[in-house]
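Participant: Can you keep this structure in mind? I'll have questions shortly.
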Amino acid sequence: MANLVLDSFLSRSKSIAQAKQIQAHLITTGQFQFPICPSRSKLLELCALSLGNLSFAVDAFRQILTPSTNDWNAILRGLIQSPAPVDAFSWYKTMLRTSCRVDALTCSFVLKACARVLARFESCQLHSHVVRKGFIADSLLGTTLLDVYAKVGDLDSAEKVFDEMVMRDIASWNALISGFGQGDRPNEALALFKRMESDGFKPNEITVLGALAACSQLGAFKEGEKIHGYIKDQKLDTNVIVCNAVIDMYSKCGLVDKAYSVFEGMSCMKNRVTWNTMMMGYAMHGDGHKALELFQQMGHAGVTPDAVSYIAVLSSCNHGGLVEEGYRLFNSMESCGVTPNVKHYGAMVDLLGRSGRLQEAYEVINSMPMVPDMILWQTLLGACKTYRNVEMAEVVSWKLVEMGSKHDGDFVLLSNVYAAHERWTDVGRVREAMMSRNVKKVPGVSYIETKGMVHSFYNGDKSHENWREIYGQLDEIGFRIKEHGYVAETSCVLHDIGDEEKEHVLCHHSEKLAVAFGLISTDEGTPIQVIKNLRICGDCHAVIKLISKIYNREIVVRDLMRFHRFKDGSCSCGDYW
DNA sequence: CTAGGGTTAG
């Protein structure tokens with residue numbers, strides 16, 4: 001059989017039986033043990049990739065006396081997609097010990113494995129190999145390298161690789177923009193997006209995805225609208241992934257109706273992600289009924305729900321207060337072919353906790369078929385706090401401490417509970433646990449977009465150019481809400497300070513600063529929208545409710561979990577969050 | 001045609 005015929009046979013093979021035939025042919029003709037045998041490498045790749053049978057490929061590989069670079073690469077590539085991409089590292093190390101040459105592709109595949117397992121240290125090591133072996137000028141590899149750095153969360157290194165690249169093309173820009181957009185530098189993603197045009201690159205569908213992710217994160221709807229305009233102009237909305245990202249952006253920027261009109265008017269085929277994204281949008285806004293309606297419609301449209309669809313409906317039941325409906329859906333999952341995972345159990349714990357059924361929530365966690373993670377316990381802890389169940393809060397908090405939590409909130413509540421009961425020895429134990437594992441406090445930050453500019457505020461921030469006016473506005477707010485009977489709820493502040501000072505700390509939470517800035521920098525009656533990186537605190541929630549009434553403003557706050565729409569003194573979340 | 005950048009999740 002001529003190799004041309006063999007290759008076409010290879011590319012049409014759909015089963016291991018056929019692969020075995022080809023292997024047998026290579027062995028009988030003696031080609032299988034050639035130092036270089038392209039058909040053999042292709043065969044390995046076919047088995048490891050398209051046929052998804054890595055172990056067959058590995059068995060065949062082990063029979064090769066002197067594997068070529070391409071043979072190694074085929075296995076490495078298969079490992080990236082396997083359930084254990086870490087194994088790529090030991091294979092790579094073994095390869096380095098042989099006399100076989102490592103090429104740029106080898107590095108590329110191992111780097112991809114680093115991204116999949118979020119291996120920062122290994123990414124760095126691979127970077128030095130790339131330099132030492134002289135591949136650093138390879139622009140494709142350079143883009144992979146920068147993308148991997150971004151994916152493992154090292155944005156500084158990603159940026160450095162980008163800056164030092166000899167040849168940058170659209171993919172290099174896209175990798176950095178989406179790295180920034182999905183990471184913690186969304187403002188820079190938007191800046192790069194604007195800069196690339198002046199560098200002579202035209203944003204394509206992948207570029208806009210990165211920029212939209214940045215807008216979603218920032219809640220920058222003016223920017224998001226502009227990008228949506230560009231997408232329509234350039235007809236990039238024929239791509240379903242782009243449409244999904246637009247829907248997600250509008251939802252996350254608080255414009256769920258706009259999200260729906262995009263959803264409704266799509267010119268391309270909706271896929272399952274489209275439906276899931278729209279349902280998540282309604283979930284975030286607390287509109288459980290609309291999400292459930294979509295869930296029905298999705299079924300009628302012949303799209304079967306997957307694990308994410310159930311997360312979407314369960315969390316919309318949560319945010320919409322539809323406890324019984326959520327319970328029913330959860331119980332129907334198995335019969336619809338979806339096995340609940342830890343996130344579904346998380347949604348159930350939230351649902352039960354929200355309705356005050358703490359004991360049942362506790363039992364769900366203890367009877368789950370998988371190992372409970374920290375988020376589950378944190379969810380239950382939140383419910384304990386809402387329902388002031390001190391006994392369970394204590395049990396759950398120590399569980400979290402045992403599990404090695406480094407989240408300050410898990411300690412603060414416990415410490416407060418003990419302090420309230422004047423159990424100072426226990427307060428000391430908690431403090432000690434916090435010190436010994438250097439619990440880091442995630443700083444609260446809120447964003448507000450006015451006139452196309454995103455302003456950010458930290459707690460007690462005085463770096464804004466108008467900070468004096470903002471604090472003046474806060475003082476006025478403080479004065480007016482007290483007239484309406486407001487009393488500071490200080491229990492959520494830790495620290496050994498007097499009540500008056502606690503009040504002061506609460507006063508300057510980032511979301512209050514952003515709202516105050518919104519009040520003075522926008523026209524009367526204009527809705528104010530704020531994005532916060534943490535969950536909104538109880539005091540801010542109470543204060544903003546009053547502001548919405550006293551100043552006659554609609555105020556929308558997106559926190560880590562959902563949207564709060566404040567109007568006439570009440571909030572769309574119904575005071576449970 | 002062995003390579004790089006892409007959507008939803010408690």
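Chain labels A, B, ... are given in the sequence in which chains occur in the structure tokens; within each chain residues are numbered consecutively from 1, and ligands are likewise numbered from 1 in the order shown.
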Return as CSV the residues of stretch 156-259 of chain A lying at most 12 Å from stretch 1-4 of chain B, together with the closest atom-to-atom pair for each and the distance in Å to one decimal, counting only C-alpha atoms (C1' of nucleotides), with rows in chain order and ascending residue number.
Facilitator:
residue,atom,partner,partner_atom,distance
A:Arg168,CA,B:DG4,C1',11.0
A:Asp169,CA,B:DG4,C1',9.9
A:Ile170,CA,B:DG4,C1',10.1
A:Ala171,CA,B:DG4,C1',6.6
A:Ser172,CA,B:DG4,C1',7.7
A:Trp173,CA,B:DG4,C1',11.0
A:Asn174,CA,B:DG4,C1',10.1
A:Ala175,CA,B:DG4,C1',8.7
A:Leu176,CA,B:DG4,C1',11.9
Participant: Near chain B, meaning an atom within 8 Å, which residues of chain A appear when counting only C-alpha atoms (C1' of nucleotides)? Write them as JSON, numbers by chain.
Facilitator: {"A": [70, 73, 74, 105, 108, 139, 140, 141, 142, 143, 144, 147, 170, 171, 172, 173, 174, 175, 206, 209, 241, 242, 244, 245, 273, 274, 276, 277, 280, 308, 311, 312, 315, 342, 343, 344, 345, 346, 347, 350, 375, 376]}
Participant: Write out the residues from the selection above, keeping N, CA and C atoms, as a compact mmCIF listing (two decimals), in the first residue's frame.
Facilitator:
# COMPACT_ATOMS: atom_id res chain seq x y z
N ASN A 70 7.69 13.71 16.48
CA ASN A 70 6.26 13.73 16.19
C ASN A 70 5.47 12.69 16.96
N ASN A 73 5.07 14.17 20.34
CA ASN A 73 4.09 15.26 20.27
C ASN A 73 2.66 14.75 20.22
N ALA A 74 2.48 13.64 19.49
CA ALA A 74 1.12 13.08 19.39
C ALA A 74 0.61 12.68 20.77
N LEU A 105 6.63 22.73 18.68
CA LEU A 105 5.31 22.16 18.95
C LEU A 105 5.28 21.43 20.28
N SER A 108 4.73 23.95 22.79
CA SER A 108 3.37 24.46 22.70
C SER A 108 2.38 23.53 23.41
N SER A 139 6.28 33.28 16.46
CA SER A 139 5.16 34.11 16.93
C SER A 139 3.96 33.26 17.38
N LEU A 140 3.80 32.11 16.77
CA LEU A 140 2.68 31.26 17.22
C LEU A 140 2.94 30.79 18.64
N LEU A 141 4.18 30.37 18.88
CA LEU A 141 4.54 29.89 20.20
C LEU A 141 4.49 31.04 21.21
N GLY A 142 4.89 32.22 20.77
CA GLY A 142 4.84 33.40 21.64
C GLY A 142 3.42 33.67 22.10
N THR A 143 2.47 33.55 21.19
CA THR A 143 1.07 33.77 21.54
C THR A 143 0.59 32.70 22.53
N THR A 144 1.00 31.46 22.28
CA THR A 144 0.63 30.39 23.22
C THR A 144 1.17 30.72 24.60
N ASP A 147 -0.74 33.50 26.23
CA ASP A 147 -2.08 33.02 26.58
C ASP A 147 -2.04 32.15 27.83
N ILE A 170 -2.95 39.44 15.00
CA ILE A 170 -4.26 39.61 15.64
C ILE A 170 -4.45 38.62 16.80
N ALA A 171 -3.95 37.41 16.64
CA ALA A 171 -4.14 36.41 17.70
C ALA A 171 -3.39 36.82 18.97
N SER A 172 -2.23 37.45 18.82
CA SER A 172 -1.48 37.89 20.00
C SER A 172 -2.28 38.96 20.76
N TRP A 173 -2.83 39.90 20.01
CA TRP A 173 -3.68 40.93 20.63
C TRP A 173 -4.87 40.29 21.33
N ASN A 174 -5.51 39.39 20.63
CA ASN A 174 -6.70 38.75 21.20
C ASN A 174 -6.39 38.00 22.49
N ALA A 175 -5.25 37.33 22.49
CA ALA A 175 -4.89 36.55 23.69
C ALA A 175 -4.74 37.49 24.89
N ILE A 206 -13.19 37.22 17.71
CA ILE A 206 -12.54 36.78 18.95
C ILE A 206 -12.13 37.98 19.80
N LEU A 209 -15.04 39.29 21.81
CA LEU A 209 -15.38 38.45 22.96
C LEU A 209 -14.59 38.88 24.19
N ILE A 241 -21.44 32.38 19.17
CA ILE A 241 -20.65 32.62 20.40
C ILE A 241 -20.63 34.11 20.71
N VAL A 242 -20.50 34.92 19.67
CA VAL A 242 -20.52 36.37 19.85
C VAL A 242 -21.89 36.81 20.40
N ASN A 244 -23.98 35.09 22.15
CA ASN A 244 -24.07 34.66 23.54
C ASN A 244 -23.34 35.64 24.46
N ALA A 245 -22.18 36.08 24.01
CA ALA A 245 -21.39 37.00 24.84
C ALA A 245 -22.09 38.36 24.96
N VAL A 273 -25.99 26.97 24.93
CA VAL A 273 -25.35 28.03 25.73
C VAL A 273 -26.18 29.31 25.65
N THR A 274 -26.75 29.59 24.49
CA THR A 274 -27.58 30.78 24.34
C THR A 274 -28.72 30.75 25.36
N ASN A 276 -28.96 28.92 28.09
CA ASN A 276 -28.42 28.96 29.45
C ASN A 276 -28.04 30.38 29.86
N THR A 277 -27.41 31.09 28.94
CA THR A 277 -26.96 32.45 29.23
C THR A 277 -28.15 33.35 29.55
N MET A 280 -29.58 32.46 32.93
CA MET A 280 -28.72 32.99 33.98
C MET A 280 -28.96 34.49 34.16
N VAL A 308 -25.50 22.90 33.21
CA VAL A 308 -25.55 24.36 33.39
C VAL A 308 -26.99 24.87 33.35
N ILE A 311 -28.31 24.53 36.71
CA ILE A 311 -27.76 25.56 37.61
C ILE A 311 -28.57 26.84 37.40
N ALA A 312 -28.82 27.16 36.15
CA ALA A 312 -29.52 28.41 35.84
C ALA A 312 -30.93 28.41 36.43
N SER A 315 -30.80 28.37 40.33
CA SER A 315 -30.41 29.63 40.96
C SER A 315 -31.46 30.70 40.70
N VAL A 342 -21.68 19.07 42.42
CA VAL A 342 -21.57 19.80 43.67
C VAL A 342 -22.25 21.18 43.59
N LYS A 343 -22.27 21.78 42.39
CA LYS A 343 -22.90 23.09 42.26
C LYS A 343 -24.42 23.01 42.39
N HIS A 344 -24.99 21.89 41.91
CA HIS A 344 -26.44 21.72 42.07
C HIS A 344 -26.79 21.55 43.54
N TYR A 345 -25.96 20.79 44.24
CA TYR A 345 -26.19 20.66 45.68
C TYR A 345 -26.05 22.02 46.35
N GLY A 346 -25.09 22.81 45.85
CA GLY A 346 -24.90 24.16 46.37
C GLY A 346 -26.15 24.99 46.22
N ALA A 347 -26.78 24.88 45.06
CA ALA A 347 -28.01 25.64 44.81
C ALA A 347 -29.11 25.17 45.77
N ASP A 350 -28.58 26.56 49.22
CA ASP A 350 -28.95 27.96 49.21
C ASP A 350 -30.47 28.10 49.31
N ILE A 375 -17.44 26.14 49.55
CA ILE A 375 -18.53 27.03 49.14
C ILE A 375 -19.87 26.58 49.74
N LEU A 376 -20.08 25.26 49.78
CA LEU A 376 -21.31 24.73 50.36
C LEU A 376 -21.47 25.18 51.81
Participant: In Å, rounded to a single decimal, give me how far atom CA of A:Ser572 is from atom CA of A:Ala516.
Facilitator: 20.5 Å
Participant: In Å, with one decimal, what is the gap from atom CA of A:Phe517 to atom CA of A:Ile470?
Facilitator: 5.6 Å
Participant: Which residues, written as a list in words, have at least one atom at most 12 Å from A:Trp398, with only C-alpha atoms (C1' of nucleotides) counted and residues fewer than 2 positions away on the same chain left out?
Facilitator: Met374, Trp377, Gln378, Leu381, Glu391, Met392, Ala393, Glu394, Val395, Val396, Leu400, Val401, Glu402, Met403, Gly404, Ser405, Asp410, Phe411, Val412, Leu413, Leu414, Ser415, Asp426, Arg429, Val430, Ala433 and Met434 of chain A
Participant: Using only C-alpha atoms (C1' of nucleotides), which protein or nucleic acid residues come within 10 Å of A:Leu76? Drop anything in the same chain fewer than 4 positions from it, and give the result as a PyMOL selection string.
Facilitator: chain A and resi 45+48+70-72+80-82+85+87-89+91-92+105-110+112-113
Participant: I need the residue nearest A:Val364 from this list: A:Gly200, A:Ala488, A:Ser510, A:Leu352. Use only C-alpha atoms for the distance.
Facilitator: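 Counting only C-alpha atoms, the residue closest to A:Val364 is A:Leu352.
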Participant: Could you pull the residues within 12 Å of A:Trp467, counting only C-alpha atoms (C1' of nucleotides), minus those fewer than 6 positions along the same chain, as an MDAnalysis selection string?
Facilitator: chainID A and resid 455:458 460:461 473:474 508 513:514 516:517 520
Participant: Please report, as a PyMOL selection string, each residue of stretch 139-373 of chain A to which DSSP assigns alpha helix (DSSP H) when run on this structure's backbone.
Facilitator: chain A and resi 139-151+155-164+170-182+186-198+205-218+221-233+240-252+256-264+272-284+288-300+307-320+323-332+342-354+358-367
